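Asker: Have a look at this one.
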Amino acid sequence: MIYTVTLNPAVDYVVALDTLKLGAINRSSSEAVVFGGKGINVSLMLRALETPNIALGFIAGFTGDAIRDGLEAQGVHTDFVALDKGFTRINVKLHAGEETEINGNGPEIPAEKLEYFVDKLRALSDADTLVLSGSVPSSLPADIYARIARIAAEKGARLVVDAAGTLLLSTLPYKPYLIKPNRQELSELFGEPADTDEAVLALVKRLQAQGAHHVLVSMAGDGALLCTQDGAVYRISAAEGTVVNSVGAGDSMVGGFLAALEKTGDFAAALALGAAAGGATAFSVGIAGFQHVMAIYENLKTEVKRIG
Ligand SMILES: Nc1ncnc2c1ncn2[C@@H]1O[C@H](COP(=O)(O)OP(=O)(O)OP(=O)(O)O)[C@@H](O)[C@H]1O
Ligand SMILES: [Mg+2]
């Protein structure tokens with residue numbers, strides 16, 4: 001089974017207005033509610049691609065209930081730990097020409113709830129994949145990713161990490177099966193440029209030397225590069241289309257990659273479905289659906305080049 005982890009999910013309240021005036025009553029022209037959180041995005045893409053998975057993490061209050069019920073209604077199975085106090089955050093996204101965001105902190109996660117969550121992970125086995133994505137809420141210890149990574153390693157589960165900076169680096173000793181930095185995250189890890197494929201490859205080799213097995217580097221409109229554990233390098237260009245909202249493209253790529261790998265075990269196919277899923281989401285309002293992804297995949301699947 002594939003499990004995704006979203007430690008601090010959110011209900012995104014997306015409001016469009018013509019103009020935004022501070023200190024005045026504003027009226028929206030449209031509003032939407034979207035479930036946010038990187039692990040949840042991965043779960044939604046896996047579900048779209050008919051790949052069974054279970055979303056894990058913490059929820060609280062009425063917004064937490066809405067996320068759990070909403071995901072289940074969309075066919076994503078969940079096993080969230082419910083907190084007794086507070087509520088899952090609501091992030092307000094104001095689209096008025098330019099974009100203004102107010103992101104909530106999220107509920108406090110008490111130590112005993114964290115232990116309960118960690119205990120659940122001890123049921124992982126070598127038949128499982130655990131996807132860790134995004135940041136860690138301020139109420140959790142910063143070493144939580146390393147702790148989770150260690151458990152996954154002890155249980156023989158495949159660990160997938162999509163996180164930035166020291167969070168990502170802290171998981172490398174536990175030999176993650178796949179990591180997916182974007183180009184900027186890769187560059188910031190080492191304080192060195194990653195603006196050519198050669199530069200990207202050199203930095204990827206350093207991540208592999210620190211323990212990462214397969215490394216997928218996403219490059220938004222420039223496509224993606226995959227270095228496998230055995231040293232093979234695959235390159236794909238980006239899908240062509242009009243960007244609507246690229247938030248979640250990286251999460252969709254992780255979902256598409258894992259869905260294809262689970263079905264075919266083929267890295268070239270996984271890279272192509274990952275890039276198709278990322279592109280389809282960039283060309284959509286939310287996380288893209290099955291038909292959109294597959295239509296793009298049909299065009300992209302012959303575009304994978306082995307360059308090393
Ligand atoms: N503008 C675009 N056109 C075509 N494909 C895109 C575009 N943006 C993203 N993609 C596809 O999605 C993949 C992941 O996108 P990106 O590199 O932006 O991830 P990211 O920065 O991790 O995004 P996020 O963290 O917001 O989900 C890219 O490698 C590419 O294949
Ligand atoms: Mg990302």
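Chains: A, B, ... in order of the structure tokens. Residues: from 1 per chain. Ligands: from 1, in order shown.
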Counting only C-alpha atoms, what is within 10 Å of Ser170 in chain A, bar same-chain residues fewer than 5 positions away, as a list in words?
Answerer: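 Result of the neighbour search: Ala142, Asp143, Ile144, Tyr145, Ala146, Arg147, Ala149 and Gly165 of chain A.
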Asker: Take the residues that were just selected and, keeping N, CA and C atoms, output them as a tab-separated table (two decimals), in the first residue's frame.
Answerer:
```tsv
chain	number	residue	atom	x	y	z
A	142	ALA	N	11.63	19.26	15.10
A	142	ALA	CA	12.17	19.34	13.75
A	142	ALA	C	12.75	18.00	13.28
A	143	ASP	N	13.02	17.09	14.22
A	143	ASP	CA	13.61	15.81	13.80
A	143	ASP	C	12.54	14.76	13.47
A	144	ILE	N	11.30	15.20	13.33
A	144	ILE	CA	10.22	14.23	13.11
A	144	ILE	C	10.40	13.48	11.78
A	145	TYR	N	10.88	14.17	10.75
A	145	TYR	CA	11.08	13.47	9.47
A	145	TYR	C	12.14	12.37	9.60
A	146	ALA	N	13.21	12.71	10.31
A	146	ALA	CA	14.28	11.71	10.50
A	146	ALA	C	13.73	10.52	11.28
A	147	ARG	N	12.89	10.82	12.28
A	147	ARG	CA	12.30	9.74	13.08
A	147	ARG	C	11.41	8.83	12.23
A	149	ALA	N	11.52	8.54	9.02
A	149	ALA	CA	12.37	7.89	8.01
A	149	ALA	C	13.04	6.66	8.61
A	165	GLY	N	15.47	21.64	2.13
A	165	GLY	CA	16.48	21.98	3.14
A	165	GLY	C	16.85	20.86	4.09
```
Asker: What does the list of residues within 7 Å of ligand 2 look like if you count only C-alpha atoms and all ligand atoms, written as a PDB file with C-alpha atoms, in the first residue's frame?
Answerer:
```
ATOM      1  CA  ASP A 162       9.496  15.731  -1.146  1.00  0.00           C
ATOM      2  CA  PRO A 181      13.576  18.295  -5.130  1.00  0.00           C
ATOM      3  CA  ASN A 182      12.703  20.981  -7.639  1.00  0.00           C
ATOM      4  CA  GLY A 250       5.290  18.715  -7.996  1.00  0.00           C
ATOM      5  CA  ASP A 251       2.930  16.700  -5.800  1.00  0.00           C
TER       6      ASP A 251
END
```
Asker: Throw together the list of residues within 6 Å of ligand 1, counting only C-alpha atoms and all ligand atoms, and drop it here as a ChimeraX atom specification.
Answerer: /A:182,218-221,223-224,238-240,243,246-251,253,275,278-279,282
Asker: Which neighbours of Ala199 in chain A fall inside 12 Å, counting only C-alpha atoms, when residues of the same chain fewer than 2 positions from it are skipped, and could you give them as a ChimeraX atom specification?
Answerer: /A:183,186-187,190,192-197,201-206,217,225
Asker: Compile the contact shell of Pro9 in chain A as a PyMOL selection string: residues with an atom at most 10 Å away, counting only C-alpha atoms, same-chain residues fewer than 2 positions apart removed.
Answerer: chain A and resi 5-7+11-12+35-40+57-60+63-64+67+88-91+106+134+137
Asker: Any chance you could export the current selection's N, CA and C atoms as an mmCIF file, in the first residue's frame?
Answerer:
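Everything below was put into out15.cif:
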```
data_model
loop_
_atom_site.group_PDB
_atom_site.id
_atom_site.type_symbol
_atom_site.label_atom_id
_atom_site.label_comp_id
_atom_site.auth_asym_id
_atom_site.auth_seq_id
_atom_site.Cartn_x
_atom_site.Cartn_y
_atom_site.Cartn_z
ATOM 1 N N VAL A 5 1.729 11.217 3.878
ATOM 2 C CA VAL A 5 1.686 11.892 5.181
ATOM 3 C C VAL A 5 1.505 13.392 4.962
ATOM 4 N N THR A 6 0.471 13.959 5.584
ATOM 5 C CA THR A 6 0.290 15.412 5.601
ATOM 6 C C THR A 6 0.168 15.819 7.063
ATOM 7 N N LEU A 7 1.247 16.373 7.610
ATOM 8 C CA LEU A 7 1.264 16.680 9.036
ATOM 9 C C LEU A 7 0.369 17.879 9.363
ATOM 10 N N VAL A 11 -7.652 23.589 4.824
ATOM 11 C CA VAL A 11 -8.747 23.894 3.915
ATOM 12 C C VAL A 11 -8.378 25.235 3.281
ATOM 13 N N ASP A 12 -8.200 25.250 1.993
ATOM 14 C CA ASP A 12 -7.896 26.514 1.317
ATOM 15 C C ASP A 12 -9.199 27.188 0.905
ATOM 16 N N PHE A 35 -9.104 21.331 -0.676
ATOM 17 C CA PHE A 35 -8.306 20.713 0.378
ATOM 18 C C PHE A 35 -6.838 20.874 0.042
ATOM 19 N N GLY A 36 -6.080 21.395 1.004
ATOM 20 C CA GLY A 36 -4.672 21.665 0.750
ATOM 21 C C GLY A 36 -3.766 20.785 1.579
ATOM 22 N N GLY A 37 -2.543 20.668 1.132
ATOM 23 C CA GLY A 37 -1.557 19.859 1.826
ATOM 24 C C GLY A 37 -0.898 18.967 0.791
ATOM 25 N N LYS A 38 0.426 18.889 0.855
ATOM 26 C CA LYS A 38 1.151 18.243 -0.240
ATOM 27 C C LYS A 38 0.892 16.742 -0.289
ATOM 28 N N GLY A 39 0.844 16.095 0.888
ATOM 29 C CA GLY A 39 0.553 14.660 0.894
ATOM 30 C C GLY A 39 -0.840 14.385 0.342
ATOM 31 N N ILE A 40 -1.785 15.243 0.696
ATOM 32 C CA ILE A 40 -3.157 15.086 0.200
ATOM 33 C C ILE A 40 -3.182 15.227 -1.321
ATOM 34 N N GLY A 57 -1.936 11.593 8.683
ATOM 35 C CA GLY A 57 -1.567 12.913 9.187
ATOM 36 C C GLY A 57 -2.457 13.258 10.366
ATOM 37 N N PHE A 58 -2.573 14.562 10.626
ATOM 38 C CA PHE A 58 -3.366 15.021 11.772
ATOM 39 C C PHE A 58 -4.499 15.916 11.286
ATOM 40 N N ILE A 59 -5.684 15.722 11.866
ATOM 41 C CA ILE A 59 -6.802 16.626 11.602
ATOM 42 C C ILE A 59 -7.433 17.020 12.925
ATOM 43 N N ALA A 60 -8.166 18.139 12.896
ATOM 44 C CA ALA A 60 -8.858 18.590 14.112
ATOM 45 C C ALA A 60 -10.087 19.397 13.714
ATOM 46 N N THR A 63 -13.090 21.552 10.338
ATOM 47 C CA THR A 63 -12.368 21.596 9.061
ATOM 48 C C THR A 63 -11.645 20.269 8.813
ATOM 49 N N GLY A 64 -11.171 19.667 9.912
ATOM 50 C CA GLY A 64 -10.549 18.350 9.784
ATOM 51 C C GLY A 64 -11.559 17.312 9.317
ATOM 52 N N ILE A 67 -12.171 17.649 5.633
ATOM 53 C CA ILE A 67 -11.108 17.080 4.803
ATOM 54 C C ILE A 67 -11.256 15.567 4.730
ATOM 55 N N THR A 88 -8.231 22.120 12.156
ATOM 56 C CA THR A 88 -7.341 22.149 11.003
ATOM 57 C C THR A 88 -7.416 23.533 10.358
ATOM 58 N N ARG A 89 -6.273 24.087 9.989
ATOM 59 C CA ARG A 89 -6.212 25.492 9.586
ATOM 60 C C ARG A 89 -6.993 25.774 8.300
ATOM 61 N N ILE A 90 -7.404 27.001 8.192
ATOM 62 C CA ILE A 90 -8.012 27.499 6.958
ATOM 63 C C ILE A 90 -7.035 28.515 6.381
ATOM 64 N N ASN A 91 -6.575 28.263 5.174
ATOM 65 C CA ASN A 91 -5.692 29.215 4.514
ATOM 66 C C ASN A 91 -6.519 30.057 3.552
ATOM 67 N N GLY A 106 -2.253 26.169 12.238
ATOM 68 C CA GLY A 106 -2.697 24.804 12.481
ATOM 69 C C GLY A 106 -2.736 24.499 13.953
ATOM 70 N N GLY A 134 6.274 18.035 2.220
ATOM 71 C CA GLY A 134 5.957 19.342 2.760
ATOM 72 C C GLY A 134 6.659 19.656 4.065
ATOM 73 N N PRO A 137 4.785 21.317 10.931
ATOM 74 C CA PRO A 137 4.187 22.399 11.729
ATOM 75 C C PRO A 137 5.049 22.743 12.933
#
```
Asker: Residues at most 8 Å from Glu108 in chain A, counting only C-alpha atoms, excluding those fewer than 2 positions away in the same chain, as a ChimeraX atom specification?
Answerer: /A:85-86,106,110,139
Asker: So the first atom is CA of Ser30 in chain A and the second is CA of Ala55 in chain A; what is the distance between them in Å, to one decimal place?
Answerer: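 A separation of 29.3 Å between them.
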Asker: Where does DSSP see strand (DSSP E) in range 199-246 of chain A, if you list the residues as a list in words?
Answerer: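 Residues meeting the strand (DSSP E) criterion: His214, Val215, Leu216, Val217, Ser218, Ala224, Leu225, Leu226, Cys227, Val233, Tyr234, Arg235 and Ile236 of chain A.
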Asker: Using only N, CA and C atoms, please write the residues we just selected to a file, as a CSV table (one decimal), in the first residue's frame.
Answerer:
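Result file follows (part26.csv):
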```
chain,number,residue,atom,x,y,z
A,214,HIS,N,16.9,6.9,-5.7
A,214,HIS,CA,16.5,7.5,-7.0
A,214,HIS,C,16.3,9.0,-6.7
A,215,VAL,N,16.7,9.9,-7.6
A,215,VAL,CA,16.4,11.3,-7.4
A,215,VAL,C,15.7,11.9,-8.7
A,216,LEU,N,14.6,12.5,-8.4
A,216,LEU,CA,13.8,13.1,-9.5
A,216,LEU,C,13.8,14.6,-9.3
A,217,VAL,N,14.4,15.3,-10.3
A,217,VAL,CA,14.5,16.7,-10.1
A,217,VAL,C,13.5,17.4,-11.1
A,218,SER,N,12.5,18.1,-10.5
A,218,SER,CA,11.5,18.7,-11.4
A,218,SER,C,11.9,20.1,-11.7
A,224,ALA,N,11.9,17.5,-16.5
A,224,ALA,CA,12.4,16.9,-15.3
A,224,ALA,C,13.6,15.9,-15.7
A,225,LEU,N,14.4,15.6,-14.7
A,225,LEU,CA,15.5,14.7,-14.8
A,225,LEU,C,15.5,13.6,-13.8
A,226,LEU,N,15.7,12.4,-14.1
A,226,LEU,CA,15.7,11.3,-13.2
A,226,LEU,C,17.0,10.6,-13.2
A,227,CYS,N,17.6,10.5,-12.0
A,227,CYS,CA,18.8,9.7,-11.8
A,227,CYS,C,18.5,8.5,-11.0
A,233,VAL,N,20.5,7.9,-16.2
A,233,VAL,CA,19.9,9.2,-16.2
A,233,VAL,C,18.9,9.4,-17.3
A,234,TYR,N,17.7,9.8,-17.0
A,234,TYR,CA,16.6,10.0,-18.0
A,234,TYR,C,16.2,11.5,-17.9
A,235,ARG,N,15.9,12.0,-19.1
A,235,ARG,CA,15.5,13.4,-19.2
A,235,ARG,C,14.2,13.4,-20.0
A,236,ILE,N,13.3,14.3,-19.5
A,236,ILE,CA,12.0,14.5,-20.3
A,236,ILE,C,11.7,16.0,-20.3
```
Asker: Hey, which of A:Val76, A:Val254, A:Ala209, A:Ile179 ends up closest to Ile54 in chain A? Count only C-alpha atoms.
Answerer: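 When distances to Ile54 in chain A are compared using only C-alpha atoms, the smallest one comes from A:Val76.
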Asker: From a backbone DSSP assignment, name each residue in range 13-99 of chain A labelled helix (DSSP H, G or I), as a ChimeraX atom specification.
Answerer: /A:38-48,61-73
